[in-house]
Amino acid sequence: MIVLHHAPQSRSFRILWFLHEAGLPHQVRYHLFSDKGLRSPEFLAISPAGRVPVVEVDGSTLFESGAILEYLAETRAPALTRAPGDPERGKFLEWLHYGETIAQHLAQLTFHHIVLAPADRSPVVQKLETLRLHRALAGLDAALTGDWLLPGGFSAADIMTGGSTELAARFVRFDAFPRLAAWRARIHARAGFQAARAADGPAELWQEDFYG
Ligand SMILES: N[C@@H](CCC(=O)N[C@@H](CS)C(=O)NCC(=O)O)C(=O)O
């Protein structure tokens, strides 16, 4: 049984979504950012930076969402990966890891809109990081020439990067990105995504639909 250490609305949603897409039996251990449990010695022993996601699988533990997706897809869901030798392998890895290019801006925006005390928030950082996020989303929009990121069909790359664009929509309007908006609608229509949403847990950080 795979165990997922998860915090609602976080990068661990990527793994939750993947597990539902792949139909893999799993248990979810819920964590909160506010309860300091992520800094406990027990949790730091399986996640050195005290971050989610972590999975317990195959008698070991794994952190880093991109690595977890690659490992789980390679070992349990070949349709969701592109194995070495597959002509789409390079693009698969590229778009899988693009999720973190987007996520780095989301982390800054979350700090400067939500986490920091109002007096410590920087309008300059808010503006700059919104522009940089906009640029990253424009690149994604341009790449979405088909239904999914790869011509061969839906993959863990859509999950990794799609997980990030869910939160990005709270900071940037998608009106200028018709392909991205249509891709997101296709994602929302997937049963695996909907099941993961239902299992995500109560919102802790992002309560508003849009932070402008
Ligand atoms: N590159 C890592 C980043 C993990 C990460 O930063 N997770 C955040 C949630 S989105 C976290 O656990 N933050 C808790 C903290 O910073 O204390 C991954 O993709 O797994």
# chains A, B, ... in the order shown; residues from 1 in each chain; ligands from 1
$ residues_around --residues "Gly23 of chain A" --least-positions-apart "3" --cutoff "10 Å" --atoms "only C-alpha atoms" --output "PyMOL selection string"
chain A and resi 17-20+26+76-77+192
$ residues_around --residues "Arg82 of chain A" --least-positions-apart "5" --cutoff "7 Å" --atoms "only C-alpha atoms" --output "list in words"
Glu88, Arg89 and Phe92 of chain A
$ write_last_selection --atoms "N, CA, C and O atoms" --output "PDB file, in the first residue's frame"
ATOM      1  N   GLU A  88       9.084  10.565 -27.223  1.00  0.00           N
ATOM      2  CA  GLU A  88       8.575  11.708 -26.441  1.00  0.00           C
ATOM      3  C   GLU A  88       9.283  11.848 -25.089  1.00  0.00           C
ATOM      4  O   GLU A  88       8.912  12.695 -24.281  1.00  0.00           O
ATOM      5  N   ARG A  89      10.305  11.019 -24.845  1.00  0.00           N
ATOM      6  CA  ARG A  89      10.970  11.013 -23.531  1.00  0.00           C
ATOM      7  C   ARG A  89      11.487  12.417 -23.132  1.00  0.00           C
ATOM      8  O   ARG A  89      11.264  12.881 -22.026  1.00  0.00           O
ATOM      9  N   PHE A  92       8.728  14.825 -22.441  1.00  0.00           N
ATOM     10  CA  PHE A  92       8.044  14.399 -21.206  1.00  0.00           C
ATOM     11  C   PHE A  92       8.772  14.973 -19.988  1.00  0.00           C
ATOM     12  O   PHE A  92       8.169  15.591 -19.110  1.00  0.00           O
TER      13      PHE A  92
END
$ residues_near_ligand --ligand "ligand 1" --cutoff "8 Å" --atoms "only C-alpha atoms and all ligand atoms" --output "list in words"
Ala7, Gln9, Ser10, Arg11, Ser12, Phe33, Leu38, Arg39, Ala49, Gly50, Arg51, Val52, Pro53, Val54, Phe63, Glu64, Ser65, Gly66, Glu100, Ala103 and Ala107 of chain A
$ write_last_selection --atoms "all heavy atoms" --output "compact mmCIF listing (two decimals), in the first residue's frame"
# COMPACT_ATOMS: atom_id res chain seq x y z
N ALA A 7 -0.40 17.73 2.20
CA ALA A 7 -1.04 18.92 2.78
C ALA A 7 -1.98 19.48 1.72
O ALA A 7 -1.61 19.54 0.54
CB ALA A 7 0.01 19.96 3.17
N GLN A 9 -3.94 21.61 -0.95
CA GLN A 9 -3.58 22.71 -1.87
C GLN A 9 -2.08 22.80 -2.13
O GLN A 9 -1.60 23.84 -2.56
CB GLN A 9 -4.05 24.06 -1.32
CG GLN A 9 -5.54 24.20 -1.11
CD GLN A 9 -5.88 25.56 -0.54
OE1 GLN A 9 -5.39 25.92 0.53
NE2 GLN A 9 -6.69 26.30 -1.23
N SER A 10 -1.34 21.76 -1.85
CA SER A 10 0.12 21.86 -2.00
C SER A 10 0.60 21.02 -3.18
O SER A 10 -0.19 20.38 -3.88
CB SER A 10 0.80 21.38 -0.72
OG SER A 10 0.80 19.97 -0.69
N ARG A 11 1.91 20.97 -3.36
CA ARG A 11 2.47 20.16 -4.43
C ARG A 11 2.11 18.67 -4.29
O ARG A 11 2.18 17.94 -5.25
CB ARG A 11 3.98 20.31 -4.46
CG ARG A 11 4.49 21.64 -5.01
CD ARG A 11 5.95 21.68 -4.73
NE ARG A 11 6.68 22.81 -5.30
CZ ARG A 11 6.90 23.94 -4.65
NH1 ARG A 11 6.37 24.15 -3.47
NH2 ARG A 11 7.65 24.90 -5.21
N SER A 12 1.78 18.26 -3.08
CA SER A 12 1.43 16.84 -2.93
C SER A 12 0.12 16.50 -3.61
O SER A 12 -0.19 15.32 -3.82
CB SER A 12 1.41 16.44 -1.45
OG SER A 12 0.59 17.30 -0.70
N PHE A 33 0.34 23.00 7.34
CA PHE A 33 1.53 23.86 7.39
C PHE A 33 1.65 24.51 8.77
O PHE A 33 2.74 24.80 9.25
CB PHE A 33 1.45 24.95 6.33
CG PHE A 33 1.49 24.42 4.93
CD1 PHE A 33 0.46 24.68 4.03
CD2 PHE A 33 2.55 23.64 4.50
CE1 PHE A 33 0.49 24.18 2.74
CE2 PHE A 33 2.59 23.13 3.21
CZ PHE A 33 1.56 23.41 2.33
N LEU A 38 5.56 19.24 10.21
CA LEU A 38 6.53 19.05 9.11
C LEU A 38 7.96 19.28 9.58
O LEU A 38 8.91 18.96 8.86
CB LEU A 38 6.22 20.00 7.94
CG LEU A 38 4.86 19.80 7.25
CD1 LEU A 38 4.70 20.78 6.09
CD2 LEU A 38 4.68 18.38 6.76
N ARG A 39 8.12 19.86 10.77
CA ARG A 39 9.48 20.07 11.32
C ARG A 39 9.79 19.09 12.46
O ARG A 39 10.79 19.25 13.15
CB ARG A 39 9.63 21.51 11.82
CG ARG A 39 9.49 22.58 10.75
CD ARG A 39 10.62 22.50 9.72
NE ARG A 39 10.49 23.56 8.72
CZ ARG A 39 9.75 23.46 7.62
NH1 ARG A 39 9.08 22.35 7.36
NH2 ARG A 39 9.69 24.46 6.76
N ALA A 49 14.02 18.57 4.07
CA ALA A 49 13.67 19.99 4.15
C ALA A 49 12.33 20.20 4.86
O ALA A 49 11.86 21.33 5.00
CB ALA A 49 13.62 20.61 2.75
N GLY A 50 11.70 19.11 5.28
CA GLY A 50 10.41 19.23 5.96
C GLY A 50 9.29 19.62 5.02
O GLY A 50 8.43 20.43 5.36
N ARG A 51 9.28 19.04 3.85
CA ARG A 51 8.30 19.42 2.82
C ARG A 51 7.44 18.23 2.42
O ARG A 51 7.87 17.07 2.51
CB ARG A 51 9.01 19.93 1.55
CG ARG A 51 10.05 21.01 1.78
CD ARG A 51 9.42 22.34 2.13
NE ARG A 51 10.43 23.23 2.67
CZ ARG A 51 11.19 24.03 1.93
NH1 ARG A 51 11.07 24.04 0.64
NH2 ARG A 51 12.09 24.81 2.51
N VAL A 52 6.25 18.53 1.92
CA VAL A 52 5.43 17.52 1.26
C VAL A 52 5.52 17.77 -0.24
O VAL A 52 5.73 18.90 -0.66
CB VAL A 52 3.94 17.60 1.73
CG1 VAL A 52 3.81 17.07 3.12
CG2 VAL A 52 3.37 19.00 1.59
N PRO A 53 5.35 16.72 -1.07
CA PRO A 53 4.96 15.36 -0.70
C PRO A 53 6.12 14.48 -0.29
O PRO A 53 7.27 14.73 -0.66
CB PRO A 53 4.36 14.83 -2.02
CG PRO A 53 5.18 15.50 -3.08
CD PRO A 53 5.43 16.89 -2.55
N VAL A 54 5.73 13.41 0.45
CA VAL A 54 6.59 12.24 0.66
C VAL A 54 5.70 11.03 0.42
O VAL A 54 4.51 11.06 0.78
CB VAL A 54 7.13 12.18 2.10
CG1 VAL A 54 7.92 10.89 2.32
CG2 VAL A 54 8.00 13.38 2.42
N PHE A 63 10.92 11.62 -1.49
CA PHE A 63 10.42 13.01 -1.51
C PHE A 63 10.72 13.58 -2.89
O PHE A 63 11.32 12.92 -3.73
CB PHE A 63 11.05 13.84 -0.38
CG PHE A 63 12.55 13.83 -0.34
CD1 PHE A 63 13.30 14.72 -1.08
CD2 PHE A 63 13.22 12.91 0.46
CE1 PHE A 63 14.70 14.71 -1.04
CE2 PHE A 63 14.62 12.89 0.51
CZ PHE A 63 15.34 13.79 -0.24
N GLU A 64 10.29 14.81 -3.14
CA GLU A 64 10.36 15.52 -4.43
C GLU A 64 9.27 15.00 -5.37
O GLU A 64 9.33 13.87 -5.88
CB GLU A 64 11.73 15.43 -5.11
CG GLU A 64 12.80 16.28 -4.48
CD GLU A 64 12.54 17.79 -4.58
OE1 GLU A 64 11.81 18.23 -5.50
OE2 GLU A 64 13.04 18.52 -3.72
N SER A 65 8.30 15.86 -5.62
CA SER A 65 7.12 15.44 -6.39
C SER A 65 7.48 14.94 -7.79
O SER A 65 6.89 13.96 -8.26
CB SER A 65 6.10 16.57 -6.46
OG SER A 65 6.65 17.72 -7.07
N GLY A 66 8.45 15.59 -8.45
CA GLY A 66 8.81 15.14 -9.80
C GLY A 66 9.41 13.75 -9.78
O GLY A 66 9.08 12.89 -10.61
N GLU A 100 7.72 22.92 -11.75
CA GLU A 100 8.47 23.61 -10.69
C GLU A 100 8.89 25.03 -11.11
O GLU A 100 9.06 25.89 -10.25
CB GLU A 100 9.69 22.79 -10.27
CG GLU A 100 9.33 21.66 -9.30
CD GLU A 100 8.69 22.17 -8.00
OE1 GLU A 100 9.40 22.58 -7.09
OE2 GLU A 100 7.43 22.15 -7.93
N ALA A 103 5.92 26.76 -10.08
CA ALA A 103 5.73 26.71 -8.62
C ALA A 103 6.65 27.68 -7.86
O ALA A 103 6.28 28.17 -6.79
CB ALA A 103 5.93 25.28 -8.12
N ALA A 107 5.27 30.18 -4.88
CA ALA A 107 5.76 30.25 -3.50
C ALA A 107 5.99 31.71 -3.10
O ALA A 107 5.58 32.14 -2.01
CB ALA A 107 7.05 29.43 -3.37
$ residues_around --residues "segment 132-136 of chain A" --least-positions-apart "4" --cutoff "7 Å" --atoms "only C-alpha atoms" --output "list in words"
Ile102, His105, Leu128, Leu140 and Val172 of chain A
$ write_last_selection --atoms "C-alpha atoms" --output "mmCIF file, in the first residue's frame"
data_model
loop_
_atom_site.group_PDB
_atom_site.id
_atom_site.type_symbol
_atom_site.label_atom_id
_atom_site.label_comp_id
_atom_site.auth_asym_id
_atom_site.auth_seq_id
_atom_site.Cartn_x
_atom_site.Cartn_y
_atom_site.Cartn_z
ATOM 1 C CA ILE A 102 5.738 27.762 -12.271
ATOM 2 C CA HIS A 105 6.682 31.981 -8.505
ATOM 3 C CA LEU A 128 7.608 41.156 -10.416
ATOM 4 C CA LEU A 140 2.917 26.888 -21.584
ATOM 5 C CA VAL A 172 -2.981 35.450 -13.049
#
$ select_by_dssp --residues "segment 29-86 of chain A" --states "helix (DSSP H, G or I)" --output "number ranges by chain"
A: 33-35, 37-39, 41-44, 65-76, 78-80
$ write_last_selection --atoms "N, CA and C atoms" --output "tab-separated table (two decimals), in the first residue's frame"
chain	number	residue	atom	x	y	z
A	33	PHE	N	0.34	23.00	7.34
A	33	PHE	CA	1.53	23.86	7.39
A	33	PHE	C	1.65	24.51	8.77
A	34	SER	N	0.50	24.73	9.42
A	34	SER	CA	0.51	25.51	10.66
A	34	SER	C	0.84	24.71	11.92
A	35	ASP	N	0.84	23.38	11.82
A	35	ASP	CA	0.94	22.64	13.09
A	35	ASP	C	2.37	22.22	13.45
A	37	GLY	N	4.20	20.05	12.44
A	37	GLY	CA	4.51	18.63	12.30
A	37	GLY	C	5.54	18.36	11.20
A	38	LEU	N	5.56	19.24	10.21
A	38	LEU	CA	6.53	19.05	9.11
A	38	LEU	C	7.96	19.28	9.58
A	39	ARG	N	8.12	19.86	10.77
A	39	ARG	CA	9.48	20.07	11.32
A	39	ARG	C	9.79	19.09	12.46
A	41	PRO	N	11.10	15.68	14.26
A	41	PRO	CA	12.21	14.78	13.90
A	41	PRO	C	11.74	13.61	13.05
A	42	GLU	N	10.53	13.09	13.33
A	42	GLU	CA	10.03	11.94	12.57
A	42	GLU	C	9.84	12.32	11.10
A	43	PHE	N	9.26	13.51	10.88
A	43	PHE	CA	9.01	13.87	9.49
A	43	PHE	C	10.31	14.27	8.78
A	44	LEU	N	11.21	14.97	9.50
A	44	LEU	CA	12.49	15.37	8.88
A	44	LEU	C	13.32	14.14	8.50
A	65	SER	N	8.30	15.86	-5.62
A	65	SER	CA	7.12	15.44	-6.39
A	65	SER	C	7.48	14.94	-7.79
A	66	GLY	N	8.45	15.59	-8.45
A	66	GLY	CA	8.81	15.14	-9.80
A	66	GLY	C	9.41	13.75	-9.78
A	67	ALA	N	10.28	13.50	-8.80
A	67	ALA	CA	10.90	12.17	-8.68
A	67	ALA	C	9.84	11.12	-8.35
A	68	ILE	N	8.91	11.49	-7.48
A	68	ILE	CA	7.85	10.54	-7.09
A	68	ILE	C	7.00	10.18	-8.31
A	69	LEU	N	6.63	11.19	-9.09
A	69	LEU	CA	5.81	10.91	-10.27
A	69	LEU	C	6.57	10.02	-11.26
A	70	GLU	N	7.84	10.34	-11.48
A	70	GLU	CA	8.62	9.49	-12.40
A	70	GLU	C	8.68	8.06	-11.89
A	71	TYR	N	8.96	7.90	-10.60
A	71	TYR	CA	9.11	6.55	-10.04
A	71	TYR	C	7.79	5.77	-10.10
A	72	LEU	N	6.72	6.40	-9.65
A	72	LEU	CA	5.44	5.68	-9.63
A	72	LEU	C	4.96	5.36	-11.04
A	73	ALA	N	5.17	6.27	-11.98
A	73	ALA	CA	4.74	6.00	-13.36
A	73	ALA	C	5.58	4.87	-13.96
A	74	GLU	N	6.89	4.94	-13.74
A	74	GLU	CA	7.75	3.89	-14.31
A	74	GLU	C	7.44	2.52	-13.73
A	75	THR	N	7.12	2.47	-12.44
A	75	THR	CA	6.94	1.16	-11.80
A	75	THR	C	5.49	0.67	-11.84
A	76	ARG	N	4.52	1.60	-12.04
A	76	ARG	CA	3.12	1.17	-11.88
A	76	ARG	C	2.14	1.67	-12.94
A	78	PRO	N	2.72	2.66	-16.74
A	78	PRO	CA	3.53	2.99	-17.92
A	78	PRO	C	2.84	3.92	-18.92
A	79	ALA	N	1.51	3.90	-18.94
A	79	ALA	CA	0.81	4.79	-19.89
A	79	ALA	C	0.99	6.26	-19.52
A	80	LEU	N	1.35	6.53	-18.26
A	80	LEU	CA	1.46	7.92	-17.81
A	80	LEU	C	2.89	8.44	-17.89
$ residues_around --residues "Trp148 of chain A" --least-positions-apart "6" --cutoff "10 Å" --atoms "only C-alpha atoms" --output "PyMOL selection string"
chain A and resi 154-155+157-158+183-184+186-187
$ write_last_selection --atoms "N, CA and C atoms" --output "PDB file, in the first residue's frame"
ATOM      1  N   PHE A 154      -2.342  12.104 -22.610  1.00  0.00           N
ATOM      2  CA  PHE A 154      -2.229  12.535 -21.211  1.00  0.00           C
ATOM      3  C   PHE A 154      -1.105  11.770 -20.500  1.00  0.00           C
ATOM      4  N   SER A 155      -0.333  12.489 -19.686  1.00  0.00           N
ATOM      5  CA  SER A 155       0.801  11.867 -18.992  1.00  0.00           C
ATOM      6  C   SER A 155       1.021  12.567 -17.647  1.00  0.00           C
ATOM      7  N   ALA A 157       3.297  14.465 -17.021  1.00  0.00           N
ATOM      8  CA  ALA A 157       3.703  15.853 -17.276  1.00  0.00           C
ATOM      9  C   ALA A 157       2.497  16.786 -17.151  1.00  0.00           C
ATOM     10  N   ASP A 158       1.333  16.346 -17.637  1.00  0.00           N
ATOM     11  CA  ASP A 158       0.117  17.154 -17.474  1.00  0.00           C
ATOM     12  C   ASP A 158      -0.236  17.282 -15.992  1.00  0.00           C
ATOM     13  N   TRP A 183      -7.120  23.596 -21.865  1.00  0.00           N
ATOM     14  CA  TRP A 183      -6.419  22.445 -21.259  1.00  0.00           C
ATOM     15  C   TRP A 183      -6.881  22.256 -19.823  1.00  0.00           C
ATOM     16  N   ARG A 184      -7.005  23.369 -19.112  1.00  0.00           N
ATOM     17  CA  ARG A 184      -7.457  23.305 -17.719  1.00  0.00           C
ATOM     18  C   ARG A 184      -8.887  22.750 -17.635  1.00  0.00           C
ATOM     19  N   ARG A 186     -10.195  20.662 -19.738  1.00  0.00           N
ATOM     20  CA  ARG A 186     -10.085  19.203 -19.977  1.00  0.00           C
ATOM     21  C   ARG A 186      -9.600  18.487 -18.718  1.00  0.00           C
ATOM     22  N   ILE A 187      -8.659  19.114 -18.018  1.00  0.00           N
ATOM     23  CA  ILE A 187      -8.164  18.533 -16.755  1.00  0.00           C
ATOM     24  C   ILE A 187      -9.317  18.404 -15.760  1.00  0.00           C
TER      25      ILE A 187
END
$ residues_around --residues "Leu4 of chain A" --least-positions-apart "5" --cutoff "7 Å" --atoms "only C-alpha atoms" --output "PDB file with C-alpha atoms, in the first residue's frame"
ATOM      1  CA  GLN A  27      -3.579   5.932   2.183  1.00  0.00           C
ATOM      2  CA  VAL A  28      -3.266   9.669   2.782  1.00  0.00           C
ATOM      3  CA  ARG A  29      -1.606  11.105   5.916  1.00  0.00           C
ATOM      4  CA  PRO A  53       4.956  15.362  -0.704  1.00  0.00           C
ATOM      5  CA  VAL A  54       6.590  12.244   0.661  1.00  0.00           C
ATOM      6  CA  VAL A  55       5.491   8.739  -0.262  1.00  0.00           C
ATOM      7  CA  GLU A  56       6.138   5.486   1.530  1.00  0.00           C
TER       8      GLU A  56
END
